[in-house]
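For reference, the structure discussed in these notes is given below.
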Amino acid sequence: MGTPRETRTEQAAAIVDRLEETYPDSTISLRYSNRLELLIAVILSAQCTDERVNKETKPLFETYDGPEDYANAPQEELAEALNSITYYNNKAEYIRTACEKIVAEHDGEVPDTMTDLTDLPGVGRKTANVVLQHGHDIVEGIVVDTHVQRLSRRLGLTEESYPERIEEDLIEIVPEDYWQQFTHLCIDHGRAICSAQNPDCSDCVLADICPSEKGDSEIDLASGDVW
Ligand code: SF4
């Protein structure tokens, strides 16, 4: 078991420092060329890999151009275009109805406030935070996806389980300049080393400060289960 820094603020700073050094080019891995494409890609990425989403959105973005196209697309046609993505029927419905709302209430532009974004079908706080950060350069929170959720608990930054509660804890301790980057660093480290099922603690740059480190700790603090 590693020994965490004395305070959670110090722990967060040490984690950011080390992960930044390890993943200097860490950034969003979804592909898009405008705000609407970003919004659609993030809606599609719920419980689906970014790799799969990127594969599907390539032809999708060539077929549909602008919110009117999606709003006017027949449900079955749009669902068919997304059929290798998890929950594609629901997601097609979200995209269609979100675009109807964007056309009707926002002059065809993807909104730039948390309230207006989370008012769109299929858009929760996580999706809205990603769109604000990468589409509008507005950082007002920390995106808590499954990797951020797992790593934050394993590393002793929070004991909360729900993403919105975890975000509340993280914004108290992660330096504001790093709110956006923190997510990408956790995602990169979660994919490369600290995977859900079999983290490679012996090759981890955080091992000496991680209270879940497998060498000594019997417990995975993310799940509360024995390793
Ligand atoms: S890989 Fe192991 S040591 Fe590293 S952060 Fe994950 S649980 Fe901790």
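A note on labels: chains of the structure tokens are A, B, ... as shown, every chain counts residues from 1, and ligands are counted from 1 in their shown order.
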- Grab me every residue within 10 Å of ligand 1, counting only C-alpha atoms and all ligand atoms, and send it over as a PyMOL selection string. chain A and resi 1-2+15+150-156+186+189-190+192-196+198-215+217+219-222+227
- Item | Test item, alpha helix (DSSP H) assignment across region 5-178 of chain A, answer as a ChimeraX atom specification | /A:8-22,35-44,50-63,67-72,75-81,88-105,114-118,125-136,146-154,163-173
Could I get the residues of region 110-167 of chain A with an atom no further than 10 Å from an atom of region 22-37 of chain A, each paired with its nearest atom pair and that distance in Å to one decimal, using only C-alpha atoms, sorted by chain and residue number, as CSV?
```
residue,atom,partner,partner_atom,distance
A:Val110,CA,A:Leu36,CA,6.2
A:Pro111,CA,A:Arg35,CA,9.3
A:Val130,CA,A:Ile28,CA,9.1
A:Val131,CA,A:Arg35,CA,7.2
A:Leu132,CA,A:Arg35,CA,9.3
A:His134,CA,A:Arg35,CA,8.2
A:Gly135,CA,A:Arg35,CA,5.2
A:His136,CA,A:Arg35,CA,8.0
```
Closest atom pairs, region 104-197 of chain A residues within 7 Å of region 38-43 of chain A, only C-alpha atoms, as JSON lines:
```
{"residue": "A:Gly122", "atom": "CA", "partner": "A:Ile43", "partner_atom": "CA", "distance": 6.6}
{"residue": "A:Val123", "atom": "CA", "partner": "A:Ile43", "partner_atom": "CA", "distance": 6.9}
{"residue": "A:Thr127", "atom": "CA", "partner": "A:Val42", "partner_atom": "CA", "distance": 6.0}
{"residue": "A:Val131", "atom": "CA", "partner": "A:Leu39", "partner_atom": "CA", "distance": 6.1}
```
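Residue neighbourhood of Ala104 (chain A), excluding near-sequence residues (fewer than 5 positions): Pro67, Glu68, Ala71, Thr97, Ala98, Cys99, Glu109, Val110 and Leu120 of chain A, at 12 Å, using only C-alpha atoms.
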Store the residues of this selection in a file with all heavy atoms, as a compact mmCIF listing (two decimals), in the first residue's frame.
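Result file result.txt:
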```txt
# COMPACT_ATOMS: atom_id res chain seq x y z
N PRO A 67 -27.92 20.78 -37.49
CA PRO A 67 -29.00 20.29 -36.62
C PRO A 67 -30.30 19.99 -37.38
O PRO A 67 -31.04 19.08 -37.01
CB PRO A 67 -29.21 21.42 -35.61
CG PRO A 67 -28.54 22.61 -36.17
CD PRO A 67 -27.46 22.13 -37.08
N GLU A 68 -30.58 20.74 -38.47
CA GLU A 68 -31.81 20.48 -39.22
C GLU A 68 -31.79 19.07 -39.81
O GLU A 68 -32.80 18.37 -39.81
CB GLU A 68 -32.01 21.48 -40.36
CG GLU A 68 -32.32 22.90 -39.93
CD GLU A 68 -31.06 23.70 -39.66
OE1 GLU A 68 -29.94 23.12 -39.76
OE2 GLU A 68 -31.18 24.90 -39.33
N ALA A 71 -32.56 16.67 -37.05
CA ALA A 71 -33.93 16.85 -36.57
C ALA A 71 -34.93 16.27 -37.56
O ALA A 71 -35.97 15.73 -37.17
CB ALA A 71 -34.21 18.34 -36.34
N THR A 97 -34.09 14.65 -31.10
CA THR A 97 -34.89 15.60 -30.33
C THR A 97 -34.04 16.75 -29.78
O THR A 97 -34.51 17.88 -29.68
CB THR A 97 -35.67 14.89 -29.20
OG1 THR A 97 -34.76 14.07 -28.46
CG2 THR A 97 -36.77 14.00 -29.75
N ALA A 98 -32.78 16.46 -29.46
CA ALA A 98 -31.89 17.55 -29.03
C ALA A 98 -31.71 18.54 -30.18
O ALA A 98 -31.73 19.76 -29.99
CB ALA A 98 -30.54 17.00 -28.58
N CYS A 99 -31.57 18.01 -31.39
CA CYS A 99 -31.38 18.90 -32.54
C CYS A 99 -32.66 19.68 -32.84
O CYS A 99 -32.59 20.85 -33.23
CB CYS A 99 -30.91 18.10 -33.76
SG CYS A 99 -29.16 17.66 -33.63
N GLU A 109 -27.76 26.82 -32.86
CA GLU A 109 -26.43 26.80 -32.23
C GLU A 109 -26.45 25.94 -30.97
O GLU A 109 -27.41 25.98 -30.19
CB GLU A 109 -26.01 28.22 -31.82
CG GLU A 109 -25.90 29.21 -32.98
CD GLU A 109 -24.76 28.87 -33.93
OE1 GLU A 109 -23.76 28.28 -33.47
OE2 GLU A 109 -24.89 29.18 -35.13
N VAL A 110 -25.38 25.20 -30.73
CA VAL A 110 -25.26 24.42 -29.50
C VAL A 110 -25.13 25.40 -28.32
O VAL A 110 -24.25 26.26 -28.34
CB VAL A 110 -24.02 23.49 -29.54
CG1 VAL A 110 -23.82 22.79 -28.20
CG2 VAL A 110 -24.17 22.47 -30.66
N LEU A 120 -31.29 19.77 -22.80
CA LEU A 120 -31.42 19.01 -24.06
C LEU A 120 -31.60 17.52 -23.72
O LEU A 120 -30.96 17.02 -22.79
CB LEU A 120 -30.16 19.18 -24.92
CG LEU A 120 -29.84 20.59 -25.41
CD1 LEU A 120 -28.48 20.61 -26.13
CD2 LEU A 120 -30.93 21.13 -26.35
```
